[in-house]
file query_12.cif (mmCIF, C-alpha atoms)
data_coords
#
loop_
_atom_site.label_atom_id
_atom_site.label_comp_id
_atom_site.auth_asym_id
_atom_site.auth_seq_id
_atom_site.Cartn_x
_atom_site.Cartn_y
_atom_site.Cartn_z
CA MET A 1 -10.03 -18.43 -213.45
CA VAL A 2 -11.99 -21.53 -212.64
CA ASP A 3 -14.29 -22.87 -215.35
CA THR A 4 -17.75 -23.36 -213.96
CA PRO A 5 -20.04 -26.00 -215.45
CA GLN A 6 -22.78 -23.42 -216.02
CA PRO A 7 -21.94 -20.07 -217.68
CA ARG A 8 -22.77 -17.03 -215.58
CA ARG A 9 -25.70 -14.99 -216.81
CA TRP A 10 -25.70 -12.18 -214.26
CA PRO A 11 -22.94 -10.11 -215.94
CA ALA A 12 -25.04 -9.89 -219.12
CA HIS A 13 -28.14 -8.95 -217.13
CA ALA A 14 -26.19 -6.29 -215.23
CA MET A 15 -24.78 -4.90 -218.51
CA ALA A 16 -28.29 -4.80 -219.99
CA VAL A 17 -29.51 -2.79 -216.98
CA LEU A 18 -26.55 -0.40 -217.33
CA PHE A 19 -27.20 0.03 -221.06
CA LEU A 20 -30.88 0.73 -220.44
CA GLY A 21 -29.91 3.26 -217.75
CA TYR A 22 -27.59 4.90 -220.26
CA ALA A 23 -30.42 4.99 -222.82
CA ALA A 24 -32.82 6.49 -220.27
CA GLY A 25 -30.32 9.22 -219.37
CA LYS A 26 -29.70 10.02 -223.01
CA THR A 27 -33.45 10.13 -223.63
CA ALA A 28 -33.90 12.59 -220.76
CA PHE A 29 -31.24 14.85 -222.25
CA ALA A 30 -32.68 14.46 -225.76
CA LEU A 31 -36.03 15.72 -224.51
CA GLN A 32 -34.22 18.76 -223.11
CA SER A 33 -32.03 19.19 -226.24
CA ARG A 34 -28.89 19.02 -224.08
CA LEU A 35 -25.62 17.22 -224.54
CA GLY A 36 -23.98 15.24 -221.77
CA PHE A 37 -25.22 12.65 -219.32
CA PRO A 38 -27.10 13.15 -216.06
CA GLY A 39 -24.63 12.98 -213.19
CA GLY A 40 -21.70 13.89 -215.41
CA PRO A 41 -19.85 17.11 -216.18
CA PRO A 42 -21.90 19.81 -217.92
CA VAL A 43 -21.41 20.57 -221.61
CA SER A 44 -21.21 24.26 -222.44
CA ALA A 45 -23.23 25.80 -225.28
CA GLU A 46 -19.99 26.65 -227.12
CA GLU A 47 -18.87 23.05 -226.94
CA ALA A 48 -22.27 21.86 -228.12
CA GLU A 49 -21.99 24.04 -231.25
CA ARG A 50 -18.94 22.03 -232.38
CA TYR A 51 -21.09 18.98 -233.09
CA PHE A 52 -22.57 18.44 -236.54
CA LEU A 53 -25.89 17.15 -235.18
CA ASP A 54 -28.11 19.20 -232.97
CA PRO A 55 -28.02 17.99 -229.33
CA ALA A 56 -31.46 16.34 -229.38
CA THR A 57 -30.65 14.27 -232.48
CA ALA A 58 -27.27 13.25 -231.08
CA GLN A 59 -28.86 12.16 -227.81
CA TRP A 60 -31.59 10.18 -229.57
CA TRP A 61 -28.91 8.31 -231.52
CA ALA A 62 -27.00 7.67 -228.30
CA ALA A 63 -30.19 6.38 -226.63
CA ALA A 64 -30.64 3.98 -229.54
CA THR A 65 -27.11 2.65 -229.04
CA GLY A 66 -27.96 2.00 -225.39
CA VAL A 67 -31.01 -0.06 -226.37
CA LEU A 68 -28.94 -1.89 -229.00
CA GLY A 69 -26.23 -2.61 -226.42
CA ALA A 70 -28.81 -3.98 -223.99
CA GLY A 71 -30.17 -6.24 -226.72
CA LEU A 72 -26.70 -7.50 -227.58
CA ALA A 73 -25.93 -8.15 -223.91
CA LEU A 74 -29.12 -10.17 -223.52
CA ALA A 75 -28.39 -12.04 -226.76
CA THR A 76 -25.29 -13.51 -225.11
CA VAL A 77 -27.44 -15.42 -222.60
CA THR A 78 -30.64 -16.22 -224.50
CA PRO A 79 -31.16 -19.34 -226.62
CA VAL A 80 -31.93 -17.22 -229.70
CA GLY A 81 -28.76 -15.18 -229.24
CA ARG A 82 -26.66 -18.28 -228.69
CA ARG A 83 -27.86 -19.62 -232.08
CA LEU A 84 -26.44 -16.58 -233.90
CA PRO A 85 -23.15 -17.20 -235.71
CA ARG A 86 -20.43 -17.25 -233.05
CA ALA A 87 -17.91 -15.31 -235.15
CA LEU A 88 -20.44 -12.52 -235.78
CA MET A 89 -21.33 -12.28 -232.08
CA LEU A 90 -17.68 -12.22 -231.05
CA LEU A 91 -17.03 -9.47 -233.59
CA ALA A 92 -19.97 -7.45 -232.22
CA LEU A 93 -18.76 -8.03 -228.65
CA ALA A 94 -15.25 -6.92 -229.63
CA GLY A 95 -16.74 -3.72 -231.04
CA MET A 96 -18.70 -3.27 -227.83
CA LEU A 97 -15.52 -3.79 -225.81
CA LEU A 98 -13.73 -1.10 -227.83
CA ALA A 99 -16.55 1.43 -227.58
CA VAL A 100 -17.71 0.82 -224.02
CA GLY A 101 -14.22 0.04 -222.76
CA GLY A 102 -12.95 3.27 -224.27
CA GLY A 103 -15.68 5.32 -222.63
CA ALA A 104 -15.19 3.54 -219.31
CA GLY A 105 -11.44 4.03 -219.65
CA ILE A 106 -11.99 7.77 -219.96
CA LEU A 107 -14.10 7.68 -216.79
CA VAL A 108 -11.31 5.84 -214.97
CA LEU A 109 -8.53 8.07 -216.28
CA ASP A 110 -10.30 11.35 -215.59
CA GLY A 111 -11.84 10.12 -212.35
CA PHE A 112 -8.52 9.08 -210.80
CA VAL A 113 -5.89 11.14 -212.66
CA GLY A 114 -7.90 14.16 -213.77
CA THR A 115 -7.59 15.01 -217.45
CA GLY A 116 -9.82 18.08 -217.17
CA ILE A 117 -13.11 16.63 -218.43
CA GLY A 118 -14.77 16.76 -215.03
CA TRP A 119 -15.50 13.14 -214.06
CA ARG A 120 -15.08 12.42 -210.35
CA TRP A 121 -13.52 9.48 -208.46
CA TYR A 122 -16.85 7.65 -208.17
CA HIS A 123 -17.22 7.80 -211.95
CA GLY A 124 -13.81 6.12 -212.13
CA ILE A 125 -15.05 3.31 -209.91
CA LEU A 126 -18.12 2.95 -212.13
CA GLY A 127 -15.81 2.72 -215.15
CA LEU A 128 -13.85 -0.12 -213.53
CA VAL A 129 -17.08 -1.96 -212.69
CA VAL A 130 -18.34 -1.59 -216.27
CA ILE A 131 -15.08 -2.90 -217.74
CA GLY A 132 -15.15 -5.88 -215.35
CA LEU A 133 -18.79 -6.69 -216.12
CA LEU A 134 -18.21 -6.42 -219.84
CA LEU A 135 -15.20 -8.74 -219.73
CA ALA A 136 -17.14 -11.23 -217.57
CA MET A 137 -20.06 -11.14 -220.01
CA ILE A 138 -17.82 -11.75 -223.03
CA ARG A 139 -15.95 -14.55 -221.26
CA SER A 140 -19.23 -16.21 -220.26
CA TYR A 141 -20.53 -16.08 -223.85
CA GLU A 142 -17.24 -17.34 -225.26
CA THR A 143 -17.09 -20.22 -222.77
CA ALA A 144 -20.72 -21.27 -223.34
CA THR A 145 -20.48 -21.19 -227.11
CA ARG A 146 -17.06 -22.88 -227.19
CA ARG A 147 -18.51 -25.88 -225.32
CA ARG A 148 -21.40 -26.04 -227.77
CA ALA A 149 -19.05 -25.78 -230.78
CA GLU A 150 -16.76 -28.51 -229.39
CA GLY A 151 -19.61 -30.79 -228.24
#
call {"tool": "encode", "arguments": {"input": "query_12.cif", "output": "structure tokens"}}
result
Amino acid sequence: MVDTPQPRRWPAHAMAVLFLGYAAGKTAFALQSRLGFPGGPPVSAEEAERYFLDPATAQWWAAATGVLGAGLALATVTPVGRRLPRALMLLALAGMLLAVGGGAGILVLDGFVGTGIGWRWYHGILGLVVIGLLLAMIRSYETATRRRAEG
């Protein structure tokens, strides 16, 4: 990859929009006390009973993680976020990569190979886009803060 003099901010903005979309979808399902995500495979009532939280509570927690993820994504490109300890931010971004990358990996695997969950090929493409955006966002943050730490 070519190092650009100015770090790219658009991957973080795109990830923030995706996280807020995720939070909005989870909020919609929380209001209906349903598990799942709009546009995804349905969750049966029997499967929902296996969870320890009721569906509305689980969805509200998931919506909160979407808002938190959007905040973390925006922190990678804002002056306030760039003043946070670099090691702490990189640790948080690594956790985000594991969680979001794992979920996106499931979309890709089920969308293209078919593991029986019910995601379609276009969900697999979305998973690839999310992984790419997340890696671009992390690389942009790492590059920008490395220059500041060296300079």
call {"tool": "residues_around", "arguments": {"input": "query_12.cif", "residues": "region 108-121 of chain A", "least_positions_apart": "4", "cutoff": "12 Å", "atoms": "all atoms listed in the file", "output": "ChimeraX atom specification"}}
result
/A:36-44,101-104,125-131
call {"tool": "resolve_selection", "arguments": {"input": "query_12.cif", "expression": "the PyMOL selection byres ((chain A and resi 12) around 8)", "output": "list in words"}}
result
Arg9, Trp10, Pro11, His13, Ala14, Met15, Ala16, Ala73, Leu74, Thr76, Val77, Leu133, Leu134 and Met137 of chain A
call {"tool": "atom_distance", "arguments": {"input": "query_12.cif", "atom1": "CA of Arg139 (chain A)", "atom2": "CA of Gly81 (chain A)"}}
result
15.1 Å
call {"tool": "residues_around", "arguments": {"input": "query_12.cif", "residues": "Ala30 (chain A)", "least_positions_apart": "3", "cutoff": "7 Å", "atoms": "all atoms listed in the file", "output": "ChimeraX atom specification"}}
result
/A:26-27,33-34,55-56,59-60
call {"tool": "closest_residue", "arguments": {"input": "query_12.cif", "among": "A:Ile106, A:Val67, A:Ala144, A:Leu93", "to": "Val17 (chain A)", "atoms": "all atoms listed in the file"}}
result
A:Val67
call {"tool": "axis_aligned_box", "arguments": {"input": "query_12.cif", "around": "region 60-72 of chain A", "padding_each_side": "4 Å", "output": "JSON"}}
result
{"center_x": -28.9, "center_y": 1.3, "center_z": -227.8, "size_x": 13.4, "size_y": 25.7, "size_z": 15.5}
call {"tool": "resolve_selection", "arguments": {"input": "query_12.cif", "expression": "the PyMOL selection byres ((chain A and resi 92) around 12)", "output": "compact mmCIF listing (two decimals) with C-alpha atoms, keeping the file's coordinate frame"}}
result
# COMPACT_ATOMS: atom_id res chain seq x y z
CA LEU A 68 -28.94 -1.89 -229.00
CA GLY A 69 -26.23 -2.61 -226.42
CA GLY A 71 -30.17 -6.24 -226.72
CA LEU A 72 -26.70 -7.50 -227.58
CA ALA A 73 -25.93 -8.15 -223.91
CA ALA A 75 -28.39 -12.04 -226.76
CA THR A 76 -25.29 -13.51 -225.11
CA LEU A 84 -26.44 -16.58 -233.90
CA PRO A 85 -23.15 -17.20 -235.71
CA ARG A 86 -20.43 -17.25 -233.05
CA ALA A 87 -17.91 -15.31 -235.15
CA LEU A 88 -20.44 -12.52 -235.78
CA MET A 89 -21.33 -12.28 -232.08
CA LEU A 90 -17.68 -12.22 -231.05
CA LEU A 91 -17.03 -9.47 -233.59
CA LEU A 93 -18.76 -8.03 -228.65
CA ALA A 94 -15.25 -6.92 -229.63
CA GLY A 95 -16.74 -3.72 -231.04
CA MET A 96 -18.70 -3.27 -227.83
CA LEU A 97 -15.52 -3.79 -225.81
CA LEU A 98 -13.73 -1.10 -227.83
CA ALA A 99 -16.55 1.43 -227.58
CA VAL A 100 -17.71 0.82 -224.02
CA ILE A 138 -17.82 -11.75 -223.03
call {"tool": "resolve_selection", "arguments": {"input": "query_12.cif", "expression": "the PyMOL selection byres ((chain A and resi 23) around 9)", "output": "PyMOL selection string"}}
result
chain A and resi 18-22+24-28+59-60+62-67
call {"tool": "atom_distance", "arguments": {"input": "query_12.cif", "atom1": "CA of Leu135 (chain A)", "atom2": "CA of Trp61 (chain A)"}}
result
24.9 Å
call {"tool": "atom_distance", "arguments": {"input": "query_12.cif", "atom1": "CA of Ala136 (chain A)", "atom2": "CA of Gly124 (chain A)"}}
result
18.5 Å
call {"tool": "closest_residue", "arguments": {"input": "query_12.cif", "among": "A:Leu31, A:His123, A:Thr145, A:Pro7", "to": "Arg82 (chain A)", "atoms": "all atoms listed in the file"}}
result
A:Thr145
call {"tool": "closest_residue", "arguments": {"input": "query_12.cif", "among": "A:Arg8, A:Ala70, A:Arg50, A:Leu35", "to": "Tyr141 (chain A)", "atoms": "only C-alpha atoms"}}
result
A:Arg8
